[in-house]
>>> print(open('final-v8.cif').read())   # mmCIF, C-alpha atoms
data_structure
loop_
_atom_site.label_atom_id
_atom_site.label_comp_id
_atom_site.auth_asym_id
_atom_site.auth_seq_id
_atom_site.Cartn_x
_atom_site.Cartn_y
_atom_site.Cartn_z
CA MET R 1 5.91 12.07 -13.21
CA LEU R 2 3.04 9.66 -12.64
CA GLN R 3 1.96 8.36 -9.26
CA PRO R 4 1.95 4.53 -8.91
CA HIS R 5 -1.85 4.29 -9.34
CA GLU R 6 -1.69 6.51 -12.45
CA ARG R 7 1.07 4.29 -13.89
CA ASP R 8 -1.06 1.22 -13.09
CA TRP R 9 -3.96 2.72 -15.06
CA TRP R 10 -1.58 3.57 -17.93
CA ASP R 11 -0.30 -0.03 -18.06
CA ALA R 12 -3.86 -1.36 -17.84
CA TRP R 13 -5.05 0.98 -20.60
CA ASN R 14 -2.21 -0.07 -22.90
CA LEU R 15 -2.82 -3.76 -22.21
CA TRP R 16 -6.58 -3.33 -22.74
CA ASN R 17 -6.01 -1.55 -26.08
CA ALA R 18 -3.51 -4.19 -27.22
CA LEU R 19 -5.96 -6.99 -26.35
CA ASN R 20 -8.69 -5.18 -28.29
CA GLN R 21 -6.34 -5.10 -31.29
CA GLY R 22 -5.82 -8.86 -31.13
CA LEU R 23 -2.75 -9.26 -28.93
CA GLN R 24 -2.63 -12.67 -27.28
CA PRO R 25 -0.84 -12.75 -23.91
CA GLN R 26 2.29 -14.87 -24.09
CA PRO R 27 3.20 -17.39 -21.39
CA LEU R 28 6.16 -16.72 -19.10
CA PRO R 29 8.53 -19.25 -17.58
CA PRO R 30 6.87 -20.16 -14.26
CA PRO R 31 8.84 -19.86 -11.02
CA VAL R 32 7.50 -23.27 -9.90
CA GLN R 33 6.22 -26.44 -11.53
CA LEU R 34 2.59 -25.99 -12.65
CA ASP R 35 -0.04 -28.59 -13.48
CA PRO R 36 0.10 -30.17 -16.96
CA GLY R 37 -1.35 -27.77 -19.54
CA GLU R 38 -1.25 -24.83 -17.13
CA LEU R 39 0.59 -21.70 -18.31
CA CYS R 40 1.96 -18.73 -16.39
CA TYR R 41 0.93 -15.26 -17.63
CA ALA R 42 2.10 -12.96 -14.83
CA ILE R 43 4.38 -13.01 -11.82
CA GLU R 44 3.77 -10.15 -9.39
CA PRO R 45 4.67 -9.35 -5.79
CA CYS R 46 1.53 -9.72 -3.72
CA GLU R 47 0.06 -9.38 -0.26
CA VAL R 48 -3.04 -11.49 0.43
CA ARG R 49 -5.67 -10.09 2.77
CA ARG R 50 -8.81 -11.81 4.01
CA PHE R 51 -12.00 -9.99 4.84
CA ASP R 52 -12.30 -10.34 8.57
CA GLY R 53 -15.09 -8.86 10.65
CA VAL R 54 -18.04 -6.67 9.96
CA ARG R 55 -18.40 -3.71 7.64
CA LEU R 56 -18.43 -0.48 9.59
CA ALA R 57 -20.81 2.29 8.55
CA PHE R 58 -19.89 5.91 9.11
CA GLY R 59 -21.01 9.30 7.87
CA SER R 60 -23.89 11.71 8.28
CA SER R 61 -27.62 11.08 8.33
CA GLU R 62 -27.76 11.96 4.60
CA GLY R 63 -25.41 9.18 3.67
CA HIS R 64 -22.85 6.77 4.91
CA ALA R 65 -20.01 4.68 3.62
CA ALA R 66 -18.74 1.27 4.54
CA ALA R 67 -15.18 0.36 5.36
CA ALA R 68 -14.16 -3.26 4.95
CA GLN R 69 -11.94 -4.82 7.60
CA TRP R 70 -9.07 -6.64 5.92
CA ARG R 71 -6.42 -8.73 7.68
CA SER R 72 -3.10 -9.56 6.03
CA ILE R 73 -2.57 -13.32 5.85
CA ASP R 74 0.46 -13.68 3.58
CA ASN R 75 3.11 -11.93 1.46
CA GLY R 76 5.00 -13.30 -1.48
CA THR R 77 4.59 -13.79 -5.20
CA ALA R 78 1.37 -14.21 -7.17
CA VAL R 79 1.56 -16.44 -10.25
CA LEU R 80 -1.36 -15.96 -12.66
CA THR R 81 -2.38 -18.91 -14.80
CA GLN R 82 -5.49 -19.49 -16.87
CA TYR R 83 -7.00 -21.47 -13.96
CA ARG R 84 -5.84 -19.79 -10.78
CA VAL R 85 -3.70 -17.33 -8.95
CA LEU R 86 -1.06 -19.34 -7.15
CA MET R 87 0.32 -17.47 -4.16
CA LEU R 88 3.86 -18.42 -3.21
CA GLY R 89 4.22 -16.98 0.25
CA ARG R 90 5.55 -17.43 3.75
CA VAL R 91 2.78 -19.82 4.80
CA GLY R 92 3.24 -22.05 1.77
CA PRO R 93 1.47 -22.18 -1.58
CA GLN R 94 -2.17 -21.05 -1.66
CA THR R 95 -4.49 -21.39 -4.63
CA PHE R 96 -7.19 -18.92 -5.59
CA GLY R 97 -9.14 -20.79 -8.26
CA MET R 98 -10.79 -18.78 -11.01
CA PRO R 99 -13.62 -21.23 -11.86
CA THR R 100 -15.02 -21.01 -8.32
CA VAL R 101 -14.94 -17.20 -7.98
CA THR R 102 -18.50 -15.96 -7.36
CA ARG R 103 -17.62 -12.24 -7.70
CA MET R 104 -14.53 -10.25 -8.52
CA TRP R 105 -13.81 -6.52 -8.45
CA THR R 106 -10.88 -4.13 -8.27
CA GLU R 107 -10.28 -1.63 -5.51
CA HIS R 108 -7.53 0.98 -5.38
CA ASP R 109 -5.18 -1.38 -3.57
CA GLY R 110 -6.05 -4.80 -4.93
CA ILE R 111 -8.38 -7.27 -6.60
CA VAL R 112 -11.09 -8.80 -4.44
CA LEU R 113 -11.98 -12.42 -5.13
CA ALA R 114 -15.18 -13.61 -3.49
CA TYR R 115 -15.97 -17.27 -2.94
CA GLY R 116 -19.47 -17.12 -1.50
CA GLU R 117 -19.06 -15.32 1.83
CA GLU R 118 -15.25 -15.64 1.87
CA GLN R 119 -13.39 -12.68 0.38
CA TYR R 120 -9.69 -12.30 -0.36
CA LYS R 121 -7.86 -9.24 -1.65
CA LEU R 122 -4.78 -9.73 -3.81
CA CYS R 123 -2.74 -6.56 -3.34
CA THR R 124 -0.33 -6.27 -6.25
CA PRO R 125 1.58 -3.15 -7.34
CA ARG R 126 -0.64 -2.93 -10.46
CA PRO R 127 -4.14 -4.07 -9.47
CA THR R 128 -5.95 -2.57 -12.48
CA TRP R 129 -3.46 -4.06 -14.94
CA PHE R 130 -3.68 -7.42 -13.12
CA ASP R 131 -7.49 -7.28 -13.34
CA VAL R 132 -7.41 -6.70 -17.11
CA LEU R 133 -5.04 -9.66 -17.50
CA ILE R 134 -7.06 -11.96 -15.21
CA ASN R 135 -10.22 -11.23 -17.17
CA GLN R 136 -8.44 -12.09 -20.42
CA VAL R 137 -6.53 -15.24 -19.49
CA ALA R 138 -8.90 -16.78 -16.92
CA PHE R 139 -12.30 -15.77 -18.32
CA ASN R 140 -11.53 -14.95 -21.97
CA ARG R 141 -13.28 -11.60 -21.69
CA ARG R 142 -12.35 -7.97 -21.94
CA MET R 143 -13.71 -5.82 -19.19
CA ASP R 144 -15.14 -2.35 -19.82
CA LEU R 145 -12.20 -0.23 -18.76
CA VAL R 146 -13.34 3.27 -17.81
CA VAL R 147 -10.40 5.43 -16.85
CA PRO R 148 -11.20 8.04 -14.16
CA THR R 149 -10.93 11.64 -15.33
CA PHE R 150 -8.35 12.50 -12.65
CA VAL R 151 -6.12 9.78 -14.12
CA THR R 152 -6.45 11.00 -17.71
CA ALA R 153 -5.68 14.52 -16.42
CA ALA R 154 -2.45 13.18 -14.91
CA TRP R 155 -1.62 11.48 -18.21
CA ARG R 156 -2.10 14.80 -20.00
CA ARG R 157 0.16 16.59 -17.51
CA ALA R 158 2.81 13.92 -18.11
CA GLY R 159 2.47 14.32 -21.89
CA LEU R 160 1.24 10.77 -22.49
CA VAL R 161 -2.04 11.77 -24.19
#
>>> encode(input="final-v8.cif", output="structure tokens")
Amino acid sequence: MLQPHERDWWDAWNLWNALNQGLQPQPLPPPVQLDPGELCYAIEPCEVRRFDGVRLAFGSSEGHAAAAQWRSIDNGTAVLTQYRVLMLGRVGPQTFGMPTVTRMWTEHDGIVLAYGEEQYKLCTPRPTWFDVLINQVAFNRRMDLVVPTFVTAAWRRAGLV
């Protein structure tokens, strides 16, 4: 039995391999009206968090780590298109545009989108899978997917590899 993060990696790995073999993601029926020419590629439950505050350093004199301070700002449904992630939440629709992202990375609990100094984390059940798909549909690129060894060990225990 895989843990949720191990299943996320499995889904991401399978999507990544399929994309490398030429699979083209197919549009889904959107839950709301989109702009002309805009297509929906994923619909996922999502919590949006905003980076709020300073990074706290902790640890010994030999090293330290930083913990980001995230504040939840909305819950709802994330709709991925080739141009944006449209968040349909309690506070109304919010758009996270892909062309204006200055940096993007995946953490264990979500995808961080940076817009200059502003940072938002989209916490979906499958953040790694969502990252692979965002890279493909929004940026037309395949990321280098390096699966952690503890995840491949779990796949072996489950008989998947």
>>> resolve_selection(input="final-v8.cif", expression="the PyMOL selection byres ((chain R and resi 25-30) around 6)", output="PDB file with C-alpha atoms, in the frame of the given file")
ATOM      1  CA  GLN R  24      -2.630 -12.670 -27.280  1.00  0.00           C
ATOM      2  CA  PRO R  31       8.840 -19.860 -11.020  1.00  0.00           C
ATOM      3  CA  VAL R  32       7.500 -23.270  -9.900  1.00  0.00           C
ATOM      4  CA  LEU R  39       0.590 -21.700 -18.310  1.00  0.00           C
ATOM      5  CA  CYS R  40       1.960 -18.730 -16.390  1.00  0.00           C
ATOM      6  CA  TYR R  41       0.930 -15.260 -17.630  1.00  0.00           C
TER       7      TYR R  41
END
>>> residues_around(input="final-v8.cif", residues="R:Glu47", least_positions_apart="3", cutoff="8 Å", atoms="all atoms listed in the file", output="list in words")
Ser72, Ile73, Asp74, Asn75, Gly76, Leu122, Cys123 and Thr124 of chain R
>>> resolve_selection(input="final-v8.cif", expression="the PyMOL selection byres ((chain R and resi 95) around 9)", output="mmCIF file with C-alpha atoms, keeping the file's coordinate frame")
data_model
loop_
_atom_site.group_PDB
_atom_site.id
_atom_site.type_symbol
_atom_site.label_atom_id
_atom_site.label_comp_id
_atom_site.auth_asym_id
_atom_site.auth_seq_id
_atom_site.Cartn_x
_atom_site.Cartn_y
_atom_site.Cartn_z
ATOM 1 C CA ARG R 84 -5.840 -19.790 -10.780
ATOM 2 C CA VAL R 85 -3.700 -17.330 -8.950
ATOM 3 C CA LEU R 86 -1.060 -19.340 -7.150
ATOM 4 C CA MET R 87 0.320 -17.470 -4.160
ATOM 5 C CA LEU R 88 3.860 -18.420 -3.210
ATOM 6 C CA PRO R 93 1.470 -22.180 -1.580
ATOM 7 C CA GLN R 94 -2.170 -21.050 -1.660
ATOM 8 C CA PHE R 96 -7.190 -18.920 -5.590
ATOM 9 C CA GLY R 97 -9.140 -20.790 -8.260
#
>>> residues_around(input="final-v8.cif", residues="R:Met1", least_positions_apart="2", cutoff="12 Å", atoms="all atoms listed in the file", output="MDAnalysis selection string")
chainID R and resid 3:7 154:160
>>> closest_residue(input="final-v8.cif", among="R:Val91, R:Trp9, R:Leu2, R:Val79", to="R:Glu44", atoms="all atoms listed in the file")
R:Val79
>>> atom_distance(input="final-v8.cif", atom1="atom CA of R:Tyr83", atom2="atom CA of R:Met98")
5.5 Å
>>> closest_atom_pairs(input="final-v8.cif", of="stretch 10-93 of chain R", to="stretch 128-138 of chain R", cutoff="7 Å", atoms="all atoms listed in the file", output="Markdown table")
| residue | atom | partner | partner_atom | distance |
| --- | --- | --- | --- | --- |
| R:Asp11 | CA | R:Trp129 | CA | 6.0 |
| R:Ala12 | CA | R:Trp129 | CA | 4.0 |
| R:Trp16 | CA | R:Val132 | CA | 6.6 |
| R:Gln82 | CA | R:Ala138 | CA | 4.4 |
| R:Tyr83 | CA | R:Ala138 | CA | 5.9 |
>>> atom_distance(input="final-v8.cif", atom1="atom CA of R:Leu19", atom2="atom CA of R:Val48")
27.3 Å
>>> atom_distance(input="final-v8.cif", atom1="atom CA of R:Pro125", atom2="atom CA of R:Pro45")
7.1 Å
